[in-house]
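Peer 1: Below is one structure. I have some questions about it.
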Amino acid sequence: MMVIAATAAFSPVLTGEAYAFKLFGITIFGEDDNDSEQVPDPLRYDANLATNTADPDLKEALENSSRLIGDEDRPVSGDLGIVVKARDDRDRLIAALYEKARYGGVVTITIDGKNIDDLPPNPTFDRSRPVPVQVAIEPGPVFRVKEVQFGGDAASRNPADYDLAPGEVAGSLTIIKAGDKIVEQLKSEGRPLAKLTTRQVVADHRTKTVDIVIATEGGPVAPIGNVGVTGQKAVRPAFIQRYSRLEKGGAYSPEALKKAGERLRALGVFSSVTIHEADSLAADGTLPMTIEVSEGKQRYFGVGANYSTIDGMGVQGYWGHRNLFGEAESLRIEGTVGRLGENDIGNLDYSTGILFTKPGAFFPAATLKAGILAKTENPDAYNASLITASLGLSYELTDQDTASASAEISYEKDDDAFGDNEYLTFALPLTYERDARDNKLNPTEGYRATLAATPSYEMFGSTIFSSFEGSITGYQSIGTEDNVVFAGKVAAGLLIGGELPDIPATRRFFAGGGGSVRGYGYQEISPYNAEDDATGGKSYVTASLEARVRITETIGIVPFIDVGTVGSEEFPDFSDIRAGAGIGIRYATPFGPLRLDFAVPLNKYENGTSYGIYAGIGQSF
């Protein structure tokens, strides 16, 4: 199986003899410039960097810091432009040396054989060839911490807690971060005016050590004061303040402000959110603050397409409004048509739905959702037509925990291994989610766990049944730069009550495809009856393991293996375990990694799918 996604956001860029390819405005390969025409009085140069060090980390840091090296293919503006760039480069390289605790390092830069300090105010260079630029670096020795003095409200703290114990490498970033961390800790104690008063570093070149003095002033403990709102147009300011959950008299902390900003940005209504703190306390001892917002476009629409060698062409479209009544209520109308190209029009997949979302319903932490969805599904296992209406409420218990409950009613008509059947089902889905990942789009640490229970009553057959499902994903990085991340997922579910024919096909369990066991066809993993028809099951277990290896800043490879089983009984007997393995490629973008996976079944079904190719945005789990 092969799946290919296409969108109008692809744009090839051709400029003179330079060729580039852009995806969503990001240059994927080639050059997208005609710098020689855009830069006034262009001057080209040829730079060489000599680091004189055997330390690979230091060498890489210096090479990455040098703009002369990184921008060598781009001309500068005029003869003075190369001198300005060289002087800036020297400052950057010295800062890179200090970050590595090399306080005795020397950076020498020559242009056309002359030291930049010896050049006249308005130099001229021979432009008959690229101007030669030589960067020579003598790193010097590594300096270590000798003595640390913490003063003011930092006096009682232990230098070892900030990686500044005597004998530690005295990198400048470590020293800067120590002062910033102490101020952040004081602010977390409810002291919004905490500040750094002294940060002094004295290097002794004879002993190759440094003495450090850091002093802070905590200021008074102060709660949150009046919270104003500016920049809003269509969104009501009272809603913005209430949804931020920054209440007058509430405890002040940097984390509370950070979470408030994240909540408001997640609404999708604002293009930017900034929370400004007052420079001084109000007369009542509180700290006033202002939420500054900039509203984005409230209406949006989009179209998309996909192609599968098995299912043919599919198209999607949607329209939405992000602020229907002035409190970030969203309305989204969407529709899809799949399996285009099928000879039998009755096998096309249709879907259309309306979803309404009301954030801050009843309580700031609650979200009301209502929707109606009508669709047809025609996988190999069954043909189903259904319409579902739902109404539910989710509540943020903590920053990581969310609980939700809803009520839904669904009419479904199936043609499957059990013949033609109709179902009218009332259900009460209950879910709990804990999300402790460090990043939603591309996690490197943490975990995410979900639990779901759906008590149901099928009215035509008077059948009571319930589904119970749970999953957990975990992430562990290796190395200081997270170049390798191991990701694992385990999911399981069971259906209690009723027999398989009494349960709608879309409520039974199947596995296989990009969302579970890659390499197999969509919902191919299932119990089969005597006629070799997939029936779906009453239990399942799936597991996946990936090694996400970063090759460059933007490119990564991902070897993976998936396993799964679906049983006809309430508890799987693991008699038919299916496994798929493969490798994927990832391309990092600001909105998440682009994903392309290739997988094969390790124990394929007779006449079953031989391989699968899966594309998408974001990691597979």
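By convention in this document, the chains of the structure tokens carry letters A, B, ... by their order, each chain's residues are numbered from 1, and ligands are numbered from 1 in the order they are shown.
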List as JSON lines every residue of range 353-445 of chain A that is in contact with range 473-480 of chain A, defined as an atom at most 12 Å from one of its atoms (using only C-alpha atoms), together with the nearest atom pair and the distance in Å rounded to one decimal, sorted by chain and then rising number.
Peer 2:
```
{"residue": "A:Glu433", "atom": "CA", "partner": "A:Thr473", "partner_atom": "CA", "distance": 11.7}
{"residue": "A:Arg434", "atom": "CA", "partner": "A:Thr473", "partner_atom": "CA", "distance": 10.7}
{"residue": "A:Asp435", "atom": "CA", "partner": "A:Thr473", "partner_atom": "CA", "distance": 9.6}
{"residue": "A:Ala436", "atom": "CA", "partner": "A:Gly474", "partner_atom": "CA", "distance": 9.4}
{"residue": "A:Arg437", "atom": "CA", "partner": "A:Tyr475", "partner_atom": "CA", "distance": 8.0}
{"residue": "A:Asp438", "atom": "CA", "partner": "A:Tyr475", "partner_atom": "CA", "distance": 9.4}
{"residue": "A:Asn439", "atom": "CA", "partner": "A:Tyr475", "partner_atom": "CA", "distance": 10.5}
{"residue": "A:Lys440", "atom": "CA", "partner": "A:Tyr475", "partner_atom": "CA", "distance": 11.6}
{"residue": "A:Asn442", "atom": "CA", "partner": "A:Tyr475", "partner_atom": "CA", "distance": 10.0}
{"residue": "A:Pro443", "atom": "CA", "partner": "A:Tyr475", "partner_atom": "CA", "distance": 6.8}
{"residue": "A:Thr444", "atom": "CA", "partner": "A:Ser477", "partner_atom": "CA", "distance": 5.5}
{"residue": "A:Glu445", "atom": "CA", "partner": "A:Tyr475", "partner_atom": "CA", "distance": 4.8}
```
Peer 1: Could I get the residues of range 233-315 of chain A with an atom no further than 12 Å from an atom of range 363-387 of chain A, each paired with its nearest atom pair and that distance in Å to one decimal, using only C-alpha atoms, sorted by chain and residue number, as JSON lines?
Peer 2:
```
{"residue": "A:Ala238", "atom": "CA", "partner": "A:Pro364", "partner_atom": "CA", "distance": 11.6}
{"residue": "A:Phe239", "atom": "CA", "partner": "A:Pro364", "partner_atom": "CA", "distance": 9.0}
{"residue": "A:Ile240", "atom": "CA", "partner": "A:Pro364", "partner_atom": "CA", "distance": 10.1}
{"residue": "A:Gln241", "atom": "CA", "partner": "A:Pro364", "partner_atom": "CA", "distance": 9.9}
{"residue": "A:Arg242", "atom": "CA", "partner": "A:Pro364", "partner_atom": "CA", "distance": 6.4}
{"residue": "A:Tyr243", "atom": "CA", "partner": "A:Pro364", "partner_atom": "CA", "distance": 5.1}
{"residue": "A:Ser244", "atom": "CA", "partner": "A:Pro364", "partner_atom": "CA", "distance": 8.0}
{"residue": "A:Arg245", "atom": "CA", "partner": "A:Pro364", "partner_atom": "CA", "distance": 6.9}
{"residue": "A:Leu246", "atom": "CA", "partner": "A:Pro364", "partner_atom": "CA", "distance": 10.6}
{"residue": "A:Glu247", "atom": "CA", "partner": "A:Pro364", "partner_atom": "CA", "distance": 11.3}
{"residue": "A:Ala260", "atom": "CA", "partner": "A:Pro364", "partner_atom": "CA", "distance": 11.3}
{"residue": "A:Arg263", "atom": "CA", "partner": "A:Ala365", "partner_atom": "CA", "distance": 9.8}
{"residue": "A:Leu264", "atom": "CA", "partner": "A:Pro364", "partner_atom": "CA", "distance": 11.5}
{"residue": "A:Leu267", "atom": "CA", "partner": "A:Thr367", "partner_atom": "CA", "distance": 11.0}
{"residue": "A:Ile310", "atom": "CA", "partner": "A:Pro379", "partner_atom": "CA", "distance": 10.4}
{"residue": "A:Asp311", "atom": "CA", "partner": "A:Pro379", "partner_atom": "CA", "distance": 8.9}
```
Peer 1: Using all heavy atoms, can you export the residues from the last selection as a short mmCIF file (atom, residue, chain, number, x, y, z; two decimals), in the first residue's frame?
Peer 2:
```cif
data_model
loop_
_atom_site.label_atom_id
_atom_site.label_comp_id
_atom_site.auth_asym_id
_atom_site.auth_seq_id
_atom_site.Cartn_x
_atom_site.Cartn_y
_atom_site.Cartn_z
N ALA A 238 -13.15 40.44 28.88
CA ALA A 238 -13.48 39.72 30.12
C ALA A 238 -13.25 38.22 29.94
O ALA A 238 -12.80 37.53 30.87
CB ALA A 238 -14.93 39.99 30.51
N PHE A 239 -13.56 37.70 28.77
CA PHE A 239 -13.32 36.28 28.51
C PHE A 239 -11.83 35.99 28.50
O PHE A 239 -11.37 34.98 29.05
CB PHE A 239 -13.94 35.86 27.18
CG PHE A 239 -13.48 34.52 26.71
CD1 PHE A 239 -13.99 33.35 27.26
CD2 PHE A 239 -12.51 34.41 25.72
CE1 PHE A 239 -13.55 32.11 26.84
CE2 PHE A 239 -12.06 33.17 25.29
CZ PHE A 239 -12.58 32.02 25.85
N ILE A 240 -11.05 36.86 27.87
CA ILE A 240 -9.59 36.64 27.81
C ILE A 240 -9.01 36.57 29.21
O ILE A 240 -8.21 35.69 29.53
CB ILE A 240 -8.93 37.78 26.99
CG1 ILE A 240 -9.43 37.74 25.54
CG2 ILE A 240 -7.41 37.66 27.04
CD1 ILE A 240 -8.97 38.92 24.71
N GLN A 241 -9.42 37.52 30.06
CA GLN A 241 -8.89 37.52 31.43
C GLN A 241 -9.33 36.27 32.19
O GLN A 241 -8.54 35.63 32.87
CB GLN A 241 -9.37 38.80 32.14
CG GLN A 241 -8.77 39.00 33.53
CD GLN A 241 -9.51 38.23 34.60
OE1 GLN A 241 -10.75 38.12 34.56
NE2 GLN A 241 -8.78 37.66 35.54
N ARG A 242 -10.60 35.90 32.05
CA ARG A 242 -11.12 34.75 32.79
C ARG A 242 -10.46 33.45 32.31
O ARG A 242 -10.08 32.61 33.13
CB ARG A 242 -12.63 34.67 32.62
CG ARG A 242 -13.30 33.53 33.41
CD ARG A 242 -14.81 33.68 33.40
NE ARG A 242 -15.36 33.53 32.06
CZ ARG A 242 -15.76 32.36 31.55
NH1 ARG A 242 -15.68 31.26 32.28
NH2 ARG A 242 -16.28 32.29 30.34
N TYR A 243 -10.31 33.30 30.98
CA TYR A 243 -9.75 32.05 30.45
C TYR A 243 -8.26 31.93 30.76
O TYR A 243 -7.73 30.82 30.87
CB TYR A 243 -9.97 31.98 28.94
CG TYR A 243 -9.75 30.60 28.38
CD1 TYR A 243 -10.69 29.60 28.58
CD2 TYR A 243 -8.59 30.29 27.69
CE1 TYR A 243 -10.48 28.33 28.09
CE2 TYR A 243 -8.37 29.03 27.19
CZ TYR A 243 -9.32 28.04 27.39
OH TYR A 243 -9.11 26.77 26.91
N SER A 244 -7.58 33.07 30.94
CA SER A 244 -6.16 33.01 31.30
C SER A 244 -5.96 32.44 32.69
O SER A 244 -4.90 31.92 33.01
CB SER A 244 -5.54 34.41 31.23
OG SER A 244 -5.97 35.20 32.33
N ARG A 245 -6.99 32.56 33.54
CA ARG A 245 -6.95 32.10 34.94
C ARG A 245 -5.93 32.87 35.77
O ARG A 245 -5.40 32.37 36.76
CB ARG A 245 -6.68 30.60 35.00
CG ARG A 245 -7.84 29.81 34.39
CD ARG A 245 -7.52 28.36 34.17
NE ARG A 245 -7.97 27.94 32.84
CZ ARG A 245 -7.78 26.75 32.33
NH1 ARG A 245 -7.16 25.83 33.03
NH2 ARG A 245 -8.20 26.45 31.13
N LEU A 246 -5.66 34.11 35.36
CA LEU A 246 -4.86 35.01 36.17
C LEU A 246 -5.83 35.90 36.95
O LEU A 246 -6.37 36.87 36.43
CB LEU A 246 -3.95 35.87 35.28
CG LEU A 246 -2.89 35.13 34.48
CD1 LEU A 246 -2.13 36.09 33.58
CD2 LEU A 246 -1.92 34.38 35.40
N GLU A 247 -6.07 35.53 38.19
CA GLU A 247 -7.06 36.22 39.02
C GLU A 247 -6.37 37.14 40.02
O GLU A 247 -5.33 36.80 40.59
CB GLU A 247 -7.92 35.20 39.77
CG GLU A 247 -8.73 34.28 38.87
CD GLU A 247 -9.87 35.00 38.17
OE1 GLU A 247 -10.23 36.12 38.61
OE2 GLU A 247 -10.41 34.45 37.19
N ALA A 260 -0.72 30.62 31.29
CA ALA A 260 -1.78 31.51 30.81
C ALA A 260 -1.58 31.83 29.34
O ALA A 260 -2.53 31.81 28.54
CB ALA A 260 -1.82 32.78 31.65
N ARG A 263 -2.41 28.75 27.19
CA ARG A 263 -3.85 28.51 27.08
C ARG A 263 -4.47 29.42 26.02
O ARG A 263 -5.26 28.98 25.19
CB ARG A 263 -4.54 28.75 28.42
CG ARG A 263 -4.22 27.72 29.48
CD ARG A 263 -5.09 27.97 30.71
NE ARG A 263 -4.58 27.22 31.84
CZ ARG A 263 -3.84 27.75 32.81
NH1 ARG A 263 -3.58 29.03 32.81
NH2 ARG A 263 -3.41 26.99 33.81
N LEU A 264 -4.12 30.69 26.08
CA LEU A 264 -4.71 31.65 25.15
C LEU A 264 -4.26 31.38 23.71
O LEU A 264 -5.05 31.49 22.77
CB LEU A 264 -4.36 33.07 25.57
CG LEU A 264 -5.00 33.54 26.88
CD1 LEU A 264 -4.40 34.86 27.34
CD2 LEU A 264 -6.51 33.67 26.73
N LEU A 267 -6.15 28.56 21.86
CA LEU A 267 -7.51 28.82 21.37
C LEU A 267 -7.54 28.97 19.86
O LEU A 267 -8.58 28.74 19.23
CB LEU A 267 -8.06 30.09 22.02
CG LEU A 267 -8.39 30.02 23.51
CD1 LEU A 267 -8.74 31.41 24.03
CD2 LEU A 267 -9.53 29.04 23.77
N ILE A 310 -4.26 1.32 -3.00
CA ILE A 310 -5.35 0.38 -2.69
C ILE A 310 -6.70 1.09 -2.74
O ILE A 310 -7.66 0.60 -3.35
CB ILE A 310 -5.13 -0.26 -1.30
CG1 ILE A 310 -3.91 -1.18 -1.34
CG2 ILE A 310 -6.37 -1.03 -0.86
CD1 ILE A 310 -3.59 -1.82 -0.02
N ASP A 311 -6.79 2.26 -2.12
CA ASP A 311 -8.09 2.92 -1.96
C ASP A 311 -8.34 4.03 -2.97
O ASP A 311 -9.41 4.63 -2.96
CB ASP A 311 -8.20 3.49 -0.54
CG ASP A 311 -8.14 2.41 0.51
OD1 ASP A 311 -8.64 1.31 0.23
OD2 ASP A 311 -7.59 2.66 1.59
#
```
Peer 1: Of the residues A:Ile354, A:Ala136, A:Val229, A:Ala234, which is the one nearest to Thr51 in chain A, using only C-alpha atoms?
Peer 2: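 Once distances to Thr51 in chain A are computed over only C-alpha atoms, the minimum belongs to A:Ala136.
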Peer 1: Let me make sure I understand: among A:Gly513, A:Leu441, A:Gly225, A:Met289, which one has the smallest atom-to-atom distance to Phe591 in chain A if we use only C-alpha atoms?
Peer 2: A:Leu441
Peer 1: Go through A:Asp71, A:Glu569, A:Asp91, A:Asp399 one by one, measure the shortest atom-to-atom distance of each to Tyr540 in chain A using only C-alpha atoms, and give the residue with the smallest value.
Peer 2: A:Glu569
Peer 1: Please identify which residues in range 325-566 of chain A DSSP calls helix (DSSP H, G or I) from the backbone, and express them as number ranges by chain.
Peer 2: A: 345-347, 500-502, 505-507
Peer 1: How far is it from CA of Thr463 in chain A to CA of Ala403 in chain A, in Å with one decimal?
Peer 2: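 Answer for the CA of Thr463 in chain A to CA of Ala403 in chain A separation: 27.0 Å.
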Peer 1: Rounded to one decimal, what separation in Å do you get between CA of Glu99 in chain A and CA of Glu217 in chain A?
Peer 2: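 Answer for the CA of Glu99 in chain A to CA of Glu217 in chain A separation: 25.9 Å.
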Peer 1: Report as a PyMOL selection string all protein, DNA and RNA residues lying within 8 Å of Thr454 in chain A, evaluated on only C-alpha atoms, omitting residues in the same chain fewer than 3 positions from it.
Peer 2: chain A and resi 427-430+466-468
Peer 1: Residues at most 10 Å from Pro593 in chain A, counting only C-alpha atoms, excluding those fewer than 3 positions away in the same chain, as an MDAnalysis selection string?
Peer 2: chainID A and resid 441:442 554:556 585:590 596 616:620
Peer 1: Deliver the residues from the most recent selection as a file, using N, CA and C atoms, as a compact mmCIF listing (two decimals), in the first residue's frame.
Peer 2:
```
# COMPACT_ATOMS: atom_id res chain seq x y z
N LEU A 441 4.42 17.83 19.56
CA LEU A 441 4.65 17.45 18.17
C LEU A 441 5.84 16.52 18.00
N ASN A 442 6.88 16.72 18.81
CA ASN A 442 8.09 15.91 18.65
C ASN A 442 8.71 15.64 20.01
N THR A 554 17.95 18.65 10.39
CA THR A 554 16.61 18.54 9.82
C THR A 554 16.22 17.13 9.40
N ILE A 555 17.18 16.25 9.20
CA ILE A 555 16.91 14.92 8.67
C ILE A 555 17.11 13.86 9.76
N GLY A 556 16.19 12.91 9.83
CA GLY A 556 16.33 11.79 10.76
C GLY A 556 15.82 10.51 10.14
N ILE A 585 11.70 8.04 7.43
CA ILE A 585 12.53 9.24 7.35
C ILE A 585 11.72 10.41 7.88
N ARG A 586 12.39 11.33 8.57
CA ARG A 586 11.73 12.50 9.14
C ARG A 586 12.45 13.76 8.65
N TYR A 587 11.66 14.77 8.35
CA TYR A 587 12.22 16.07 7.98
C TYR A 587 11.62 17.11 8.93
N ALA A 588 12.47 17.76 9.71
CA ALA A 588 12.02 18.68 10.74
C ALA A 588 11.55 20.00 10.13
N THR A 589 10.38 20.46 10.58
CA THR A 589 9.84 21.75 10.18
C THR A 589 9.34 22.46 11.44
N PRO A 590 9.06 23.77 11.38
CA PRO A 590 8.57 24.47 12.57
C PRO A 590 7.24 23.95 13.09
N LEU A 596 7.61 9.94 6.64
CA LEU A 596 7.42 8.98 5.55
C LEU A 596 7.96 7.64 6.03
N GLY A 616 2.77 11.59 6.60
CA GLY A 616 1.98 12.44 7.48
C GLY A 616 2.83 13.54 8.09
N ILE A 617 2.22 14.34 8.95
CA ILE A 617 2.89 15.40 9.69
C ILE A 617 2.87 15.04 11.17
N GLY A 618 4.01 15.13 11.82
CA GLY A 618 4.12 14.72 13.22
C GLY A 618 4.63 13.30 13.33
N GLN A 619 5.13 12.95 14.50
CA GLN A 619 5.60 11.58 14.72
C GLN A 619 4.42 10.61 14.69
N SER A 620 4.71 9.33 14.48
CA SER A 620 3.64 8.33 14.36
C SER A 620 2.89 8.18 15.68
```
Peer 1: For Leu355 in chain A, which of A:Ser390, A:Asn306, A:Asn48, A:Asn323 is the closest residue, counting only C-alpha atoms?
Peer 2: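 Closest to Leu355 in chain A, using only C-alpha atoms: A:Ser390.
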Peer 1: Of the candidates A:Gly488, A:Arg144, A:Gly151, A:Asp112, which shows the shortest atom-to-atom distance to Ala165 in chain A, using only C-alpha atoms?
Peer 2: A:Arg144
Peer 1: Could you tell me how far CA of Ser188 in chain A lies from CA of Glu168 in chain A, in Å and to one decimal?
Peer 2: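 About the pair CA of Ser188 in chain A and CA of Glu168 in chain A: they are 27.0 Å apart.
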Peer 1: List the spatial neighbours of Val600 in chain A as a list in words - criterion: any atom at most 8 Å away, only C-alpha atoms, same-chain residues fewer than 6 positions off excluded.
Peer 2: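 Listed by chain and then number, they are Arg518, Gly519, Tyr520, Gly580, Ala581, Gly582, Ser610, Tyr611 and Gly612 of chain A.
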Peer 1: As number ranges by chain, please: the residues near range 291-299 of chain A (cut-off 12 Å, only C-alpha atoms, same-chain neighbours under 6 positions excluded).
Peer 2: A: 226-246, 257-258, 260-261, 264-265, 267-278, 318-333
